[in-house]
Each structure stands twice: as C-alpha cells, then as structure tokens.
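The structure file protein-v8.txt is reproduced below (compact mmCIF, C-alpha atoms and all ligand atoms).
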```txt
# COMPACT_ATOMS: atom_id res chain seq x y z
CA MET A 1 81.63 -23.20 93.95
CA GLY A 2 78.81 -21.34 95.71
CA ASP A 3 75.52 -20.35 94.13
CA LEU A 4 76.46 -16.69 94.17
CA ASP A 5 79.53 -17.33 92.06
CA ASN A 6 77.39 -19.32 89.71
CA LEU A 7 74.95 -16.46 89.45
CA GLN A 8 77.65 -13.90 88.75
CA ALA A 9 79.12 -16.00 85.96
CA ALA A 10 75.70 -16.80 84.56
CA ASP A 11 74.81 -13.12 84.38
CA ARG A 12 77.65 -12.54 81.92
CA LEU A 13 77.03 -15.53 79.71
CA ILE A 14 74.75 -15.33 76.70
CA VAL A 15 73.93 -18.69 75.18
CA PRO A 16 72.75 -18.80 71.56
CA LEU A 17 69.77 -20.93 70.65
CA ASP A 18 71.28 -21.94 67.33
CA VAL A 19 68.76 -24.69 66.69
CA ALA A 20 66.10 -25.12 64.01
CA THR A 21 62.89 -25.56 65.97
CA GLU A 22 61.00 -24.08 68.88
CA THR A 23 60.85 -27.53 70.49
CA ALA A 24 64.64 -27.91 70.39
CA ALA A 25 65.07 -24.37 71.70
CA LEU A 26 62.73 -24.82 74.65
CA ALA A 27 64.32 -28.18 75.48
CA LEU A 28 67.68 -26.39 75.86
CA VAL A 29 66.20 -23.52 77.84
CA ASP A 30 64.52 -25.89 80.25
CA ARG A 31 67.68 -28.01 80.54
CA LEU A 32 69.82 -25.01 81.52
CA PRO A 33 67.74 -23.02 84.02
CA GLN A 34 70.82 -21.09 85.22
CA VAL A 35 71.15 -19.31 81.86
CA ARG A 36 69.58 -15.86 82.17
CA ILE A 37 70.18 -14.46 78.69
CA TRP A 38 69.38 -16.44 75.57
CA LYS A 39 70.25 -15.35 72.06
CA VAL A 40 67.70 -15.93 69.33
CA GLY A 41 69.44 -15.75 65.99
CA LEU A 42 68.53 -15.97 62.36
CA GLU A 43 68.07 -19.73 62.11
CA LEU A 44 65.55 -19.94 64.93
CA PHE A 45 63.75 -16.65 64.27
CA VAL A 46 63.30 -17.45 60.58
CA SER A 47 62.14 -20.98 61.28
CA SER A 48 59.95 -20.49 64.33
CA GLY A 49 58.99 -16.80 64.41
CA PRO A 50 58.38 -14.36 67.26
CA GLU A 51 56.18 -16.66 69.37
CA LEU A 52 59.37 -18.05 70.89
CA LEU A 53 60.20 -14.61 72.29
CA ARG A 54 56.94 -14.65 74.22
CA LEU A 55 57.72 -18.11 75.57
CA LEU A 56 61.17 -16.97 76.73
CA LYS A 57 59.67 -13.96 78.45
CA GLN A 58 57.12 -16.20 80.11
CA ARG A 59 60.13 -18.06 81.58
CA GLN A 60 61.58 -14.73 82.86
CA LYS A 61 64.52 -14.85 80.45
CA ARG A 62 66.34 -11.89 78.98
CA ILE A 63 66.49 -11.93 75.19
CA PHE A 64 69.22 -11.05 72.72
CA LEU A 65 67.53 -10.87 69.31
CA ASP A 66 70.42 -11.33 66.93
CA LEU A 67 69.04 -10.34 63.54
CA LYS A 68 72.25 -8.64 62.32
CA LEU A 69 70.27 -6.22 60.20
CA HIS A 70 72.12 -4.62 57.29
CA ASP A 71 70.11 -2.70 54.70
CA ILE A 72 69.19 0.78 53.50
CA PRO A 73 68.10 3.15 56.28
CA ASN A 74 64.36 2.91 55.59
CA THR A 75 64.36 -0.90 55.66
CA MET A 76 66.56 -1.11 58.75
CA ALA A 77 64.29 1.35 60.52
CA GLY A 78 61.17 -0.69 59.75
CA ALA A 79 62.75 -3.90 60.98
CA CYS A 80 64.16 -2.28 64.14
CA ARG A 81 60.81 -0.65 64.94
CA ALA A 82 59.08 -4.02 64.63
CA ALA A 83 61.76 -5.91 66.58
CA ALA A 84 61.73 -3.39 69.42
CA ARG A 85 57.99 -3.94 69.91
CA TYR A 86 58.80 -7.44 71.20
CA GLY A 87 60.50 -5.91 74.24
CA VAL A 88 63.84 -7.64 73.67
CA ASP A 89 66.90 -6.62 75.69
CA PHE A 90 69.49 -6.56 72.90
CA LEU A 91 69.16 -6.23 69.12
CA THR A 92 71.96 -6.41 66.54
CA VAL A 93 72.61 -4.41 63.38
CA HIS A 94 75.76 -4.45 61.25
CA ALA A 95 77.86 -1.35 61.94
CA SER A 96 79.01 -1.48 58.30
CA ALA A 97 75.49 -0.39 57.25
CA GLY A 98 76.79 3.16 57.85
CA LYS A 99 75.89 6.12 60.01
CA ALA A 100 72.63 7.13 58.32
CA ALA A 101 71.24 3.61 58.63
CA LEU A 102 72.44 3.19 62.22
CA MET A 103 71.01 6.49 63.39
CA THR A 104 67.68 5.83 61.71
CA ALA A 105 67.64 2.30 63.15
CA ARG A 106 68.24 3.60 66.65
CA ALA A 107 65.46 6.19 66.43
CA ALA A 108 63.07 3.60 65.02
CA ALA A 109 63.87 1.08 67.77
CA GLN A 110 63.04 3.72 70.35
CA GLU A 111 59.77 4.54 68.59
CA GLY A 112 58.79 0.88 68.35
CA ALA A 113 59.48 0.30 72.02
CA ALA A 114 57.54 3.42 73.01
CA GLU A 115 54.55 2.32 70.89
CA ALA A 116 54.54 -1.06 72.62
CA GLU A 117 55.22 0.50 76.01
CA VAL A 118 58.29 -1.65 76.60
CA PRO A 119 61.88 -0.55 77.35
CA PRO A 120 63.94 0.03 74.17
CA PRO A 121 66.49 -2.66 73.27
CA ARG A 122 70.19 -1.98 73.62
CA LEU A 123 71.15 -1.69 69.97
CA LEU A 124 74.50 -3.42 69.30
CA GLY A 125 76.62 -2.77 66.23
CA VAL A 126 78.34 -5.90 64.93
CA THR A 127 81.89 -4.90 64.01
CA LEU A 128 83.93 -7.55 62.18
CA LEU A 129 82.55 -11.08 62.45
CA THR A 130 84.70 -13.38 64.56
CA ASN A 131 85.13 -15.93 61.78
CA ILE A 132 87.00 -13.41 59.60
CA SER A 133 90.79 -13.61 59.69
CA SER A 134 93.24 -10.90 58.66
CA ARG A 135 93.92 -12.91 55.55
CA THR A 136 90.23 -13.09 54.57
CA LEU A 137 89.80 -9.38 55.28
CA ALA A 138 92.72 -8.46 53.04
CA PHE A 139 92.53 -10.97 50.21
CA GLU A 140 88.83 -11.84 49.96
CA LEU A 141 87.07 -8.72 51.22
CA LYS A 142 89.85 -6.42 49.91
CA VAL A 143 89.71 -4.12 52.92
CA PRO A 144 92.93 -2.07 52.80
CA LEU A 145 93.20 -1.59 56.58
CA GLU A 146 94.71 -3.62 59.39
CA LEU A 147 92.06 -5.77 61.01
CA THR A 148 92.23 -3.90 64.32
CA ASP A 149 91.99 -0.50 62.60
CA TYR A 150 89.00 -1.61 60.59
CA THR A 151 87.26 -3.01 63.68
CA LEU A 152 87.98 0.19 65.58
CA GLN A 153 86.48 2.30 62.77
CA LEU A 154 83.30 0.21 62.84
CA ALA A 155 83.09 0.44 66.63
CA LEU A 156 83.53 4.22 66.55
CA LEU A 157 80.86 4.45 63.85
CA ALA A 158 78.48 2.53 66.11
CA GLN A 159 79.30 4.83 69.02
CA ASP A 160 78.98 8.02 66.96
CA SER A 161 75.60 6.82 65.68
CA GLY A 162 74.28 6.55 69.23
CA LEU A 163 74.25 2.76 69.55
CA GLY A 164 74.46 1.23 73.02
CA GLY A 165 77.26 -1.19 72.35
CA ILE A 166 79.10 -3.42 69.95
CA VAL A 167 79.69 -7.07 69.17
CA CYS A 168 83.38 -7.77 68.69
CA SER A 169 85.99 -10.49 68.96
CA PRO A 170 87.61 -10.75 72.40
CA GLN A 171 90.92 -10.25 70.61
CA GLU A 172 89.95 -6.62 69.98
CA ALA A 173 88.11 -6.11 73.28
CA ASP A 174 91.08 -4.61 75.12
CA LEU A 175 91.71 -1.96 72.45
CA LEU A 176 88.01 -1.15 72.09
CA ARG A 177 87.41 -0.97 75.82
CA ARG A 178 90.27 1.53 76.15
CA THR A 179 89.11 3.61 73.17
CA LEU A 180 85.32 3.68 73.40
CA SER A 181 83.17 5.44 75.95
CA PRO A 182 82.68 3.33 79.12
CA ALA A 183 78.95 3.53 78.39
CA MET A 184 79.38 1.21 75.38
CA THR A 185 78.56 -2.43 76.11
CA LEU A 186 81.03 -4.96 74.72
CA VAL A 187 79.56 -8.32 73.77
CA CYS A 188 82.07 -10.95 72.67
CA PRO A 189 81.38 -14.13 70.75
CA GLY A 190 84.39 -16.10 69.50
CA VAL A 191 85.03 -17.36 73.03
CA ARG A 192 86.43 -20.84 73.51
CA PRO A 193 87.54 -22.57 76.69
CA ALA A 194 90.79 -24.51 76.27
CA TRP A 195 88.83 -27.77 76.42
CA ALA A 196 86.53 -26.94 73.47
CA GLN A 197 86.92 -27.02 69.70
CA GLN A 198 87.39 -23.76 67.82
CA ASP A 199 84.80 -24.71 65.14
CA ASP A 200 84.49 -21.96 62.49
CA GLN A 201 85.63 -19.18 64.85
CA GLN A 202 88.95 -17.52 63.99
CA ARG A 203 89.64 -14.69 66.44
CA VAL A 204 89.12 -16.43 69.77
CA LEU A 205 90.20 -16.12 73.40
CA THR A 206 89.27 -18.17 76.45
CA PRO A 207 86.42 -16.95 78.69
CA ALA A 208 88.81 -15.72 81.41
CA GLN A 209 91.00 -13.92 78.83
CA ALA A 210 87.93 -12.33 77.23
CA LEU A 211 86.70 -10.97 80.57
CA ALA A 212 90.20 -9.74 81.45
CA ALA A 213 90.29 -7.95 78.07
CA GLY A 214 87.14 -6.03 79.00
CA ALA A 215 84.20 -7.99 77.58
CA HIS A 216 80.98 -7.29 79.47
CA TYR A 217 79.16 -10.31 78.07
CA LEU A 218 80.39 -13.54 76.49
CA VAL A 219 78.41 -15.36 73.83
CA ILE A 220 79.25 -19.05 74.05
CA GLY A 221 77.31 -21.58 72.05
CA ARG A 222 78.55 -24.92 70.80
CA PRO A 223 80.92 -25.68 73.70
CA ILE A 224 77.71 -25.80 75.79
CA THR A 225 74.87 -26.55 73.41
CA ALA A 226 76.64 -29.23 71.35
CA ALA A 227 78.16 -30.93 74.41
CA ALA A 228 76.96 -34.41 75.32
CA ALA A 229 76.02 -32.98 78.73
CA PRO A 230 75.20 -29.24 78.34
CA GLU A 231 74.59 -28.84 82.11
CA ALA A 232 78.10 -30.10 82.93
CA ALA A 233 79.64 -27.93 80.19
CA PHE A 234 77.85 -24.86 81.56
CA GLN A 235 79.06 -25.59 85.10
CA ARG A 236 82.59 -26.05 83.84
CA LEU A 237 82.42 -22.71 82.06
CA CYS A 238 81.20 -20.97 85.19
CA GLN A 239 84.18 -22.47 87.03
CA ASP A 240 86.52 -21.20 84.29
CA LEU A 241 85.19 -17.71 84.98
CA LEU A 242 86.06 -17.75 88.67
CA PRO A 243 89.12 -15.65 89.53
O1 LIG B 1 76.43 -11.29 66.63
C1 LIG B 1 76.81 -12.37 67.10
O2 LIG B 1 76.27 -12.85 68.07
C2 LIG B 1 78.03 -12.97 66.52
C3 LIG B 1 78.94 -12.10 65.97
C4 LIG B 1 80.21 -12.57 65.58
O3 LIG B 1 81.07 -11.80 65.14
N1 LIG B 1 80.47 -13.89 65.71
C5 LIG B 1 79.56 -14.79 66.21
O4 LIG B 1 79.89 -15.97 66.33
N2 LIG B 1 78.30 -14.35 66.57
C6 LIG B 1 77.29 -15.30 67.07
O5 LIG B 1 77.75 -15.89 68.29
C7 LIG B 1 77.41 -17.26 68.35
C8 LIG B 1 78.69 -18.06 68.53
O6 LIG B 1 78.38 -19.40 68.65
P1 LIG B 1 79.51 -20.48 68.96
O7 LIG B 1 80.57 -20.34 67.92
O8 LIG B 1 78.76 -21.79 68.86
O9 LIG B 1 80.02 -20.18 70.35
C9 LIG B 1 76.64 -17.59 67.07
O10 LIG B 1 75.26 -17.55 67.37
C10 LIG B 1 76.99 -16.46 66.11
O11 LIG B 1 75.90 -16.13 65.27
```

Let me see the structure of the file written as structure tokens.
Amino acid sequence: MGDLDNLQAADRLIVPLDVATETAALALVDRLPQVRIWKVGLELFVSSGPELLRLLKQRQKRIFLDLKLHDIPNTMAGACRAAARYGVDFLTVHASAGKAALMTARAAAQEGAAEAEVPPPRLLGVTLLTNISSRTLAFELKVPLELTDYTLQLALLAQDSGLGGIVCSPQEADLLRRTLSPAMTLVCPGVRPAWAQQDDQQRVLTPAQALAAGAHYLVIGRPITAAAAPEAAFQRLCQDLLP
C-alpha cells in the first residue's frame, strides 16, 4: 500500500482518546503519527482539562471535542461558546436536546469562535447512540417509533437547527445520506472490522461497509487503541479501507 492510500484512509479515520490521563493520551498520539483527527471525549476532558487540546494543536492535529452536551438552551449555549474558543474542529451536542437548544448552541459556538478569532467548530448532533438496540429503544426508553424513524427525526432536527452534521450508526448512514442535505457531515462510530470484537456497540458495520453506506468519517477506537500493537491495527484498518 502506498503512502497516498494511507493518507486518504487516515483522513477519514477519527480515533478516540478514551484514556484517563494526559500522559496516556499523548503516548497514543505519538505512537500513531498517521492519525490526523483525534477525539477528546468526556473521560479525558474531565480528567485532564483543556490543556490537552493545546498540546494536540501543537502537534498539528485536528480535534473532535466530544462533549455530547445536552441541557437547557442557556446552559448549552454557555458550554458551546466556551468550547468553541479552543478552536476545535468538531463539537458534539445531543440532537434530542431539541431545536431551541440546538439553535442557541450553534449561535453561541459561532460567537465563541469569533471572540477567540478561530474558525467555528462543525457542530454535530448525536442522533441515537450506537449502543442502543431496537429492543432497548422500545422497552427501556419507551420510544414508540421504529429505530430508523426515530434516528431520522433526530437527524432532521439537527439539520433544521442549522447544525453542520450528525453522529449516527453506520447502519442508518445510507438512509440519512439519501435524506439529508449533502452539506451535512456524517460521522459514524459503531464501526468494527471483521477481526475485532464488538464490545458494547450494537449497531455496527465494517469500515468498508460504513464508507459504502455514505459515512464521511469513521470513529474507531478500541480495535486500534486496545490492540497489543496499535500501529499494526491502524495499518490493517487502512488496508481494509482500500477499494
Ligand atoms: O459521539 C460519539 O463519538 C459516539 C456516538 C455514538 O453513538 N457511539 C459512540 O460509540 N460514540 C463514541 O465513539 C467512540 C467509539 O469507540 P469504540 O467503540 O472503542 O470504537 C467512543 O469514544 C464513543 O464515545
């Protein structure tokens, strides 16, 4: 496989830094120099704070700040304004927070970025988490809609509220790609190569299937980060993505 192919695959892969400390995070980042986009989620942000974002930027990395905000409009707006000041590339909010909260969040993210003189983040609406099965949706969460209909409603809500994209399972990517505006970015976690464990993910596809279904970006964590040799796992994934 040539370097160019490697680059193209790497540009579509987002690897989550689901570790507890800044030291562990930087060790992974430095071990996998081909990864361009790193996701900083709740565990790491809560434990190590925003300094890590600066360190990632120093290493010329793009940043997906996955805070999955879900609150009343005023609180979401405050958090989005503050998060946008860090100059991150992507920021997540839960689409189920509703239109008023999403619209306020979007405006606040733009204000925060303008204040800090950085580009605004692409605000992504999380639709239905990839660990939720149809059974859980119906019997535990008591949502009286088919899973795909519910996900579509959340995705449309994100779009109508002016968000730049959504996070969804690759199993719904095909439907959402056909239904949403082409301007909406589709980011898919819940991606598992055939050689990896499913872990707690429920609605999964392989990387090649997810891309064929219309995902723009794939979020793949444990198959790489929990592997005995993360470098080899990353290379293998890039190979899986070749046509
Ligand atoms: O917003 C996310 O990134 C996300 C949404 C979702 O529906 N499912 C989901 O797994 N994620 C995140 O994607 C990553 C998946 O990690 P792995 O299951 O290890 O590949 C984790 O960091 C999750 O927090």

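The nearest approach to Ala227 (chain A) among the residues A:Ala114, A:Leu28, A:Leu156, A:Ile166, with all atoms listed in the file taken into account, belongs to A:Leu28.
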
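Proximity ranking of A:Thr179, A:Gln171, A:Gln58, A:Thr92 relative to ligand LIG 1 (chain B) places A:Thr92 first, based on only C-alpha atoms and all ligand atoms.
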
* To do: Considering only C-alpha atoms, return as a count of residues only whatever protein or nucleic-acid residues lie within 7 Å of Thr185 (chain A), sequence-local ones (same chain, fewer than 3 positions apart) excluded.
  => 4

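Nearest residue to ligand LIG 1 (chain B) among A:Ala24, A:Ala138, A:Ala9, A:Leu91 is A:Leu91, counting only C-alpha atoms and all ligand atoms.
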
Edge lengths and centre in Å, axis-aligned, region 186-197 of chain A plus 6 Å each side, as JSON:
```
{"center_x": 85.2, "center_y": -16.4, "center_z": 73.1, "size_x": 23.2, "size_y": 34.8, "size_z": 19.2}
```

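The protein and nucleic acid residues lying at most 10 Å from Gln60 (chain A) are Arg36, Ile37, Arg54 and Leu55 of chain A, with only C-alpha atoms considered and sequence neighbours fewer than 5 positions away removed.
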
* To do: Enumerate residues in contact with ligand LIG 1 (chain B): an atom-to-atom distance of at most 9 Å, counting only C-alpha atoms and all ligand atoms. Format the result as a PyMOL selection string.
  => chain A and resi 14-18+39-42+64+66-68+92-94+124-132+166-169+187-192+198-201+218-226

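When only C-alpha atoms are used to compute distances to Leu157 (chain A), the closest of the residues A:Glu22, A:Val118, A:Pro73, A:Leu180 turns out to be A:Leu180.
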
* Nearest candidate to Thr206 (chain A) (options A:Met184, A:Ala82, A:Leu237, A:Val19; using all atoms listed in the file) -> A:Leu237

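Using all atoms listed in the file for every distance, the candidate list A:Ala100, A:Ala27, A:Ala158, A:Gly214 yields A:Gly214 as the residue closest to Pro182 (chain A).
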